[in-house]
Structures are given as structure tokens and as C-alpha cells.
Amino acid sequence: MIGAIVFAITYVLISVRRLGYFPLGRPGAALLGAVACVALGVIPAREALGAVDGDTILLLFGMMGIGAFLELDGFASRVESWVALRVRTRRRLLTIIVWGSGAAAALVTNDAVCVLGAPIVVALIRAHGLPPAPYLIALATAANTGSVATLVGNPQNMLCASLGHLDYRFYLLTMLPVAVVGLAINHAVIALVHRRDLDGELRGGSESAPLVDRRIAITLAVVAGTTALYLSGIHLAWTAVAGFTALLLVHRRDASDVWPKIEWAVLLFFSSLFIVVEGLMKSGVPAWLFEHVPLAAAGESLPRLSAIFLVGSNIVSNVPFILVIREQMGTLANPRLAWQLLAMASTFAGNLTLLGSVANIIVAERARSVGGLGFFTYLRVGLPVALSTTLIGTVWLMVVAR
């Protein structure tokens with residue numbers, strides 16, 4: 001039971017961002033929870049590191065490294081200038097961010113899009129004096145929403161593909177319409193909630209440098225190469241790290257310039273959170289819950305299953321939640337359909353709260369220089385987007401399953 005209490009306290013601390021007497025921030029709060037799990041005997045010290053999902057941490061590290069090269073070579077400022085010359089209004093900028101990040105996420109994962117896109121959006125916010133919230137939220141939520149289209153769009157989809165033996169092509173044909181409709185809803189909700197912030201034009205700019213030079217072209221080529229390897233089924237995390245390592249060799253840049261650009265606080269946050277979640281598992285609360293309310297109790301009702309997946313993915317985060325219920329999935333009447341539903345619902349669950357996905361945290365942490373994102377500011381958009389897209393996706397799967 002102690003593990004459940006530690007988890008609850010940790011979740012509250014990371015939700016409120018920082019307290020006056022203890023300005024921990026999200027990474028510090030998660031680290032406090034992880035240390036508490038070990039100190040209180042919830043998890044033996046030797047087992048704590050084993051609870052950390054190495055694939056997730058490696059993926060983040062590799063993509064942050066690739067993004068670091070684009071940042072060091074000034075790609076963000078080049079894109080900012082390019083956009084300023086061609087996108088005259090705030091509303092058009094929102095359109096580009098929503099649909100651009102959504103489409104890219106389906107190919108290179110939502111986390112990678114946010115790692116690469118956050119510096120660009122922050123540069124645009126600074127250069128044009130834009131309100132941060134709508135554009136930062138657009139980047140995070142659209143990357144989550146668009147990633148539902150493919151089994152390589154996000155880590156939880158890959159996990160569902162592996163455990164549920166899902167077919168890439170079949171899943172793409174099934175979920176692509178959901179992704180398109182979902183992005184349309186995503187766009188509409190942000191435009192409605194932040195309608196006053198979106199009036200006006202950008203300040204304009206002057207053409208100072210080409211969008212892509214030799215160094216940036218090399219980095220983008222590596223991004224394309226890693227994407228091709230993802231699509232061919234090569235291990236995602238090690239491919240990302242290999243891409244980063246290749247850039248270190250090809251660019252011959254002093255590595256000491258690169259390390260400060262890695263968001264170590266984000267890596268610390270998720271490493272600690274995995275340990276806290278493992279403490280929750282060892283508390284026996286999830287096992288007790290499934291013993292009294294087994295997943296099969298939802299029967300063949302896709303709406304009930306979808307609601308369970310949506311809530312569960314936000315309580316313990318989507319990847320750990322999938323691991324928690326994987327044995328229960330085999331008890332359902334149509335496991336393949338259930339795994340598709342789980343991939344969809346756990347993806348859209350990432351939009352529910354600021355803490356719902358890695359992508360959200362990446363954007364929030366990398367945008368601290370322009371104010372970051374508040375929990376409730378995000379919730380105004382995330383809640384309706386998550387609920388409406390999950391509903392649409394569930395109804396669609398009910399239709400195609402007939």
C-alpha cells in the first residue's frame with residue numbers, strides 16, 4: 001500500500017509543477033518519488049534500475065541528440081525566417097504546426113517531432129511576440145493525435161504491435177481516417193479555445209539564409225535514414241542512438257557543444273517515473289483491481305474498454321499501463337480488435353493531461369524560456385481533444401469491425 005501512497009503524492013507534486021517551500025519542479029518531484037520507493041522498501045535497491053524502460057530512455061536520448069545538431073546549426077532561426085516570409089497570420093501558423101507535426105509524427109514518432117519541433121516553435125514565439133500556449137499545445141497535441149495513424153507513430157503503438165501481433169498495413173488503412181479526423185478536431189478545439197490569441201499577423205521578416213545548408217542537409221538525411229529503418233522494423237531506440245552517433249562522427253563537432261543541448265531533466269523525469277510506477281505495481285493495488293474487476297468484465301463493449309484504456313493510461317501512463325494489462329488482453333473475445341483499440345485509446349490518452357505523454361513533457365520543458373505550459377492551461381484543450389478523438393476512434397472501430 002505504501003507504493004500506492006508514494007505514487008499518489010508524486011503525481012500531485014508533478015501536477016502542481018512547483019511548491020513555494022520545495023521548488024522541485026517535475027523532474028525533482030519524480031526523483032523524490034523514486035528515492036522514496038527505495039528508501040521505504042517498496043522496491044529493493046537492486047531492482048529499482050531494472051524498472052526503468054531502457055528503450056524509452058534510449059529513444060529520447062537519441063532523438064534529443066539529433067535535434068541538438070539542428071539547434072546548433074541554427075535550423076530553428078532559418079525556419080522562423082522562412083515561415084515569417086510565407087505565413088502572414090497567426091491562424092495560418094497554427095494550421096502549419098497542427099498538420100505538419102501530426103503528419104511527421106506518423107513517420108518519426110511523436111516524441112521525435114516534439115524534440116525537433118519545440119525549438120522551432122519557441123523561436124517563432126520569441127521572434128513574433130506570440131502567445132505561447134496555443135502554439136505549444138498545438139505541437140504537443142497534434143504530434144500525439146497524428147501518431148495514431150501508424151504502428152511506429154509512438155512507443156505504445158509499437159508495444160501493441162509487438163504484443164498483439166498487429167499488421168502494419170492493416171492498421172494503417174484502419175486508423176489513417178481516424179488520424180485525419182482527429183487532427184481536424186484538434187485544430188478546431190485549439191482555434192476555439194484560443195480564438196482571441198489567434199487574431200493578428202506575424203511581424204514579417206527578411207530572407208537572411210537558405211532554409212537548408214550542407215550541415216543541415218546531412219542531419220535531415222540522417223533523420224530520413226533513421227525513419228526508413230524504423231519503417232523496415234529495425235529496433236527504434238538503437239536506431240535513434242545510431243543516428244545520433246553517426247552525426248557526431250560526420251559533423252566532427254566538439255561533443256562538448258552537444259551535451260548541454262540534451263534535456264537531461266526530461267530523461268531523469270521519466271527514469272524516476274518508471275520506478276514510481278513499479279512501486280505502484282508492487283503495492284498490489286492493480287492486481288487487486290483486476291481480481292475484482294477483470295478486463296473481460298467489460299465484455300464485447302468497445303466503449304467500456306475504450307474508457308478503461310483512456311483512464312488507465314493516464315493513471316500510470318500509457319506504456320506501463322499496456323504492460324500491466326497485457327495478460328488480461330488475451331481473455332477478451334476479439335484480442336486483435338482489442339489491441340487496435342488499446343493502441344488508439346492509449347495514444348489519444350496522451351492528450352488528456354500535460355503528464356499524459358512524453359511528447360507533452362518534452363514541449364513543456366523545452367519551452368521554459370517562454371513560460372512553458374501550465375497543467376490547467378493545457379487541460380482546457382487536452383481534455384476535449386482526448387475525449388472527442390477517443391469517441392470518434394471507438395465508433396470507427398465499431399463500424400469497421402462489423
# chains A, B, ... in the order shown; residues from 1 in each chain; ligands from 1
>>> select_by_dssp(residues="range 200-319 of chain A", states="helix (DSSP H, G or I)", output="JSON, numbers by chain")
{"A": [214, 215, 216, 217, 218, 219, 220, 221, 222, 223, 224, 225, 226, 227, 228, 229, 230, 231, 236, 237, 238, 239, 240, 241, 242, 243, 244, 245, 246, 247, 248, 249, 250, 251, 255, 256, 257, 258, 259, 260, 261, 264, 265, 266, 267, 268, 269, 270, 271, 272, 273, 274, 275, 276, 277, 278, 279, 280, 281, 282, 285, 286, 287, 288, 289, 290, 291, 292, 295, 296, 297, 298, 302, 303, 304, 305, 306, 307, 308, 309, 310, 311, 312, 313, 314, 315, 316, 318, 319]}
>>> write_last_selection(atoms="C-alpha atoms", output="CSV table (one decimal), in the first residue's frame")
chain,number,residue,atom,x,y,z
A,214,ARG,CA,25.2,21.4,-46.2
A,215,ARG,CA,25.3,20.6,-42.4
A,216,ILE,CA,21.5,20.8,-42.0
A,217,ALA,CA,21.1,18.7,-45.1
A,218,ILE,CA,23.3,16.0,-43.6
A,219,THR,CA,21.3,16.0,-40.4
A,220,LEU,CA,18.0,15.8,-42.3
A,221,ALA,CA,19.4,12.9,-44.3
A,222,VAL,CA,20.2,11.1,-41.1
A,223,VAL,CA,16.6,11.8,-39.9
A,224,ALA,CA,15.3,10.3,-43.2
A,225,GLY,CA,17.6,7.3,-42.9
A,226,THR,CA,16.5,6.5,-39.4
A,227,THR,CA,12.9,6.9,-40.4
A,228,ALA,CA,13.4,4.3,-43.2
A,229,LEU,CA,15.0,2.0,-40.7
A,230,TYR,CA,12.0,2.4,-38.3
A,231,LEU,CA,9.6,1.6,-41.1
A,236,LEU,CA,13.6,2.0,-32.7
A,237,ALA,CA,15.7,3.1,-29.8
A,238,TRP,CA,19.1,1.8,-31.0
A,239,THR,CA,18.4,3.2,-34.5
A,240,ALA,CA,17.9,6.7,-32.9
A,241,VAL,CA,21.1,6.4,-30.9
A,242,ALA,CA,23.0,5.1,-34.0
A,243,GLY,CA,21.7,8.2,-36.0
A,244,PHE,CA,23.0,10.5,-33.2
A,245,THR,CA,26.3,8.7,-33.1
A,246,ALA,CA,26.6,9.0,-36.9
A,247,LEU,CA,26.1,12.8,-36.7
A,248,LEU,CA,28.8,13.0,-34.1
A,249,LEU,CA,31.2,11.3,-36.5
A,250,VAL,CA,30.1,13.0,-39.7
A,251,HIS,CA,29.9,16.6,-38.4
A,255,ALA,CA,30.9,16.8,-28.5
A,256,SER,CA,31.1,19.2,-25.5
A,257,ASP,CA,28.9,21.5,-27.5
A,258,VAL,CA,26.2,18.9,-27.9
A,259,TRP,CA,25.8,17.6,-24.4
A,260,PRO,CA,24.3,20.8,-22.9
A,261,LYS,CA,21.6,20.6,-25.6
A,264,TRP,CA,18.7,15.6,-19.1
A,265,ALA,CA,15.9,16.7,-16.8
A,266,VAL,CA,13.4,15.0,-19.1
A,267,LEU,CA,15.4,11.8,-19.1
A,268,LEU,CA,15.6,12.0,-15.3
A,269,PHE,CA,11.8,12.6,-15.0
A,270,PHE,CA,10.9,9.5,-17.0
A,271,SER,CA,13.5,7.3,-15.4
A,272,SER,CA,12.2,8.2,-12.0
A,273,LEU,CA,8.6,7.8,-13.0
A,274,PHE,CA,9.2,4.3,-14.2
A,275,ILE,CA,10.4,3.4,-10.7
A,276,VAL,CA,7.4,5.1,-9.0
A,277,VAL,CA,5.0,3.2,-11.3
A,278,GLU,CA,6.8,-0.1,-10.4
A,279,GLY,CA,6.3,0.8,-6.8
A,280,LEU,CA,2.6,1.1,-7.5
A,281,MET,CA,2.6,-2.3,-9.1
A,282,LYS,CA,4.3,-3.9,-6.1
A,285,VAL,CA,-3.4,-2.3,-6.0
A,286,PRO,CA,-3.5,-3.0,-9.8
A,287,ALA,CA,-3.6,-6.8,-9.1
A,288,TRP,CA,-6.4,-6.4,-6.6
A,289,LEU,CA,-8.3,-4.3,-9.0
A,290,PHE,CA,-8.1,-6.8,-11.9
A,291,GLU,CA,-9.0,-9.6,-9.5
A,292,HIS,CA,-12.3,-7.9,-8.5
A,295,LEU,CA,-10.9,-6.7,-18.0
A,296,ALA,CA,-13.2,-9.4,-19.5
A,297,ALA,CA,-16.0,-8.0,-17.4
A,298,ALA,CA,-16.3,-5.2,-20.0
A,302,LEU,CA,-15.8,-1.3,-27.1
A,303,PRO,CA,-16.9,1.9,-25.4
A,304,ARG,CA,-16.3,0.4,-22.0
A,305,LEU,CA,-12.9,-1.0,-23.0
A,306,SER,CA,-12.0,2.4,-24.5
A,307,ALA,CA,-12.9,4.2,-21.3
A,308,ILE,CA,-10.9,1.8,-19.2
A,309,PHE,CA,-7.9,2.2,-21.6
A,310,LEU,CA,-8.2,6.0,-21.6
A,311,VAL,CA,-8.4,6.3,-17.8
A,312,GLY,CA,-5.8,3.6,-17.1
A,313,SER,CA,-3.3,5.2,-19.5
A,314,ASN,CA,-3.5,8.4,-17.6
A,315,ILE,CA,-3.2,6.9,-14.1
A,316,VAL,CA,0.0,5.0,-14.7
A,318,ASN,CA,0.3,4.5,-21.4
A,319,VAL,CA,3.4,2.3,-21.8
>>> residues_around(residues="range 354-369 of chain A", least_positions_apart="6", cutoff="10 Å", atoms="only C-alpha atoms", output="ChimeraX atom specification")
/A:11,14-15,26-27,56,60,64,109-119,121-123,125-126,132,136-137,139-141,143-144,154-155,263,265-267,269-270,313-319,346-348,375-379,382-383
>>> closest_residue(among="A:Leu391, A:Ala338, A:Ala133, A:Val181", to="Ala149 in chain A", atoms="only C-alpha atoms")
A:Val181
>>> atom_distance(atom1="CA of Leu176 in chain A", atom2="CA of Arg92 in chain A")
23.6 Å
>>> residues_around(residues="Ile262 in chain A", least_positions_apart="6", cutoff="10 Å", atoms="only C-alpha atoms", output="ChimeraX atom specification")
/A:60-68,115
>>> write_last_selection(atoms="N, CA and C atoms", output="PDB file, in the first residue's frame")
ATOM      1  N   LEU A  60      14.543   8.644 -26.427  1.00  0.00           N
ATOM      2  CA  LEU A  60      14.560  10.064 -26.121  1.00  0.00           C
ATOM      3  C   LEU A  60      15.974  10.641 -26.266  1.00  0.00           C
ATOM      4  N   PHE A  61      16.951   9.926 -25.729  1.00  0.00           N
ATOM      5  CA  PHE A  61      18.335  10.396 -25.790  1.00  0.00           C
ATOM      6  C   PHE A  61      18.798  10.539 -27.243  1.00  0.00           C
ATOM      7  N   GLY A  62      18.529   9.524 -28.062  1.00  0.00           N
ATOM      8  CA  GLY A  62      18.958   9.559 -29.454  1.00  0.00           C
ATOM      9  C   GLY A  62      18.319  10.695 -30.229  1.00  0.00           C
ATOM     10  N   MET A  63      17.007  10.874 -30.063  1.00  0.00           N
ATOM     11  CA  MET A  63      16.318  11.920 -30.805  1.00  0.00           C
ATOM     12  C   MET A  63      16.680  13.303 -30.288  1.00  0.00           C
ATOM     13  N   MET A  64      16.924  13.430 -28.975  1.00  0.00           N
ATOM     14  CA  MET A  64      17.396  14.714 -28.448  1.00  0.00           C
ATOM     15  C   MET A  64      18.765  15.054 -29.043  1.00  0.00           C
ATOM     16  N   GLY A  65      19.613  14.040 -29.205  1.00  0.00           N
ATOM     17  CA  GLY A  65      20.928  14.265 -29.798  1.00  0.00           C
ATOM     18  C   GLY A  65      20.829  14.727 -31.232  1.00  0.00           C
ATOM     19  N   ILE A  66      19.945  14.088 -32.010  1.00  0.00           N
ATOM     20  CA  ILE A  66      19.755  14.509 -33.403  1.00  0.00           C
ATOM     21  C   ILE A  66      19.209  15.931 -33.451  1.00  0.00           C
ATOM     22  N   GLY A  67      18.242  16.205 -32.596  1.00  0.00           N
ATOM     23  CA  GLY A  67      17.691  17.551 -32.532  1.00  0.00           C
ATOM     24  C   GLY A  67      18.718  18.590 -32.124  1.00  0.00           C
ATOM     25  N   ALA A  68      19.687  18.184 -31.299  1.00  0.00           N
ATOM     26  CA  ALA A  68      20.729  19.106 -30.850  1.00  0.00           C
ATOM     27  C   ALA A  68      21.534  19.641 -32.027  1.00  0.00           C
ATOM     28  N   VAL A 115      10.785  16.823 -29.994  1.00  0.00           N
ATOM     29  CA  VAL A 115      12.198  17.143 -29.744  1.00  0.00           C
ATOM     30  C   VAL A 115      12.718  18.088 -30.828  1.00  0.00           C
TER      31      VAL A 115
END
>>> residues_around(residues="Thr95 in chain A", least_positions_apart="5", cutoff="9 Å", atoms="only C-alpha atoms", output="list in words")
Arg90, Gly100, Ala138 and His187 of chain A
>>> closest_residue(among="A:Ala104, A:Gly146, A:Glu80, A:Leu323", to="Leu202 in chain A", atoms="only C-alpha atoms")
A:Glu80
>>> closest_residue(among="A:Ala343, A:Pro384, A:Ala84, A:Val212", to="Asn157 in chain A", atoms="only C-alpha atoms")
A:Ala343
>>> closest_residue(among="A:Gln340, A:Leu93, A:Ala333, A:Val400", to="Tyr168 in chain A", atoms="only C-alpha atoms")
A:Gln340
>>> closest_residue(among="A:Glu71, A:Ile190, A:Pro23, A:His165", to="Gly330 in chain A", atoms="only C-alpha atoms")
A:His165
>>> closest_residue(among="A:Leu124, A:Cys37, A:Asn334, A:Gln156", to="Leu49 in chain A", atoms="only C-alpha atoms")
A:Cys37
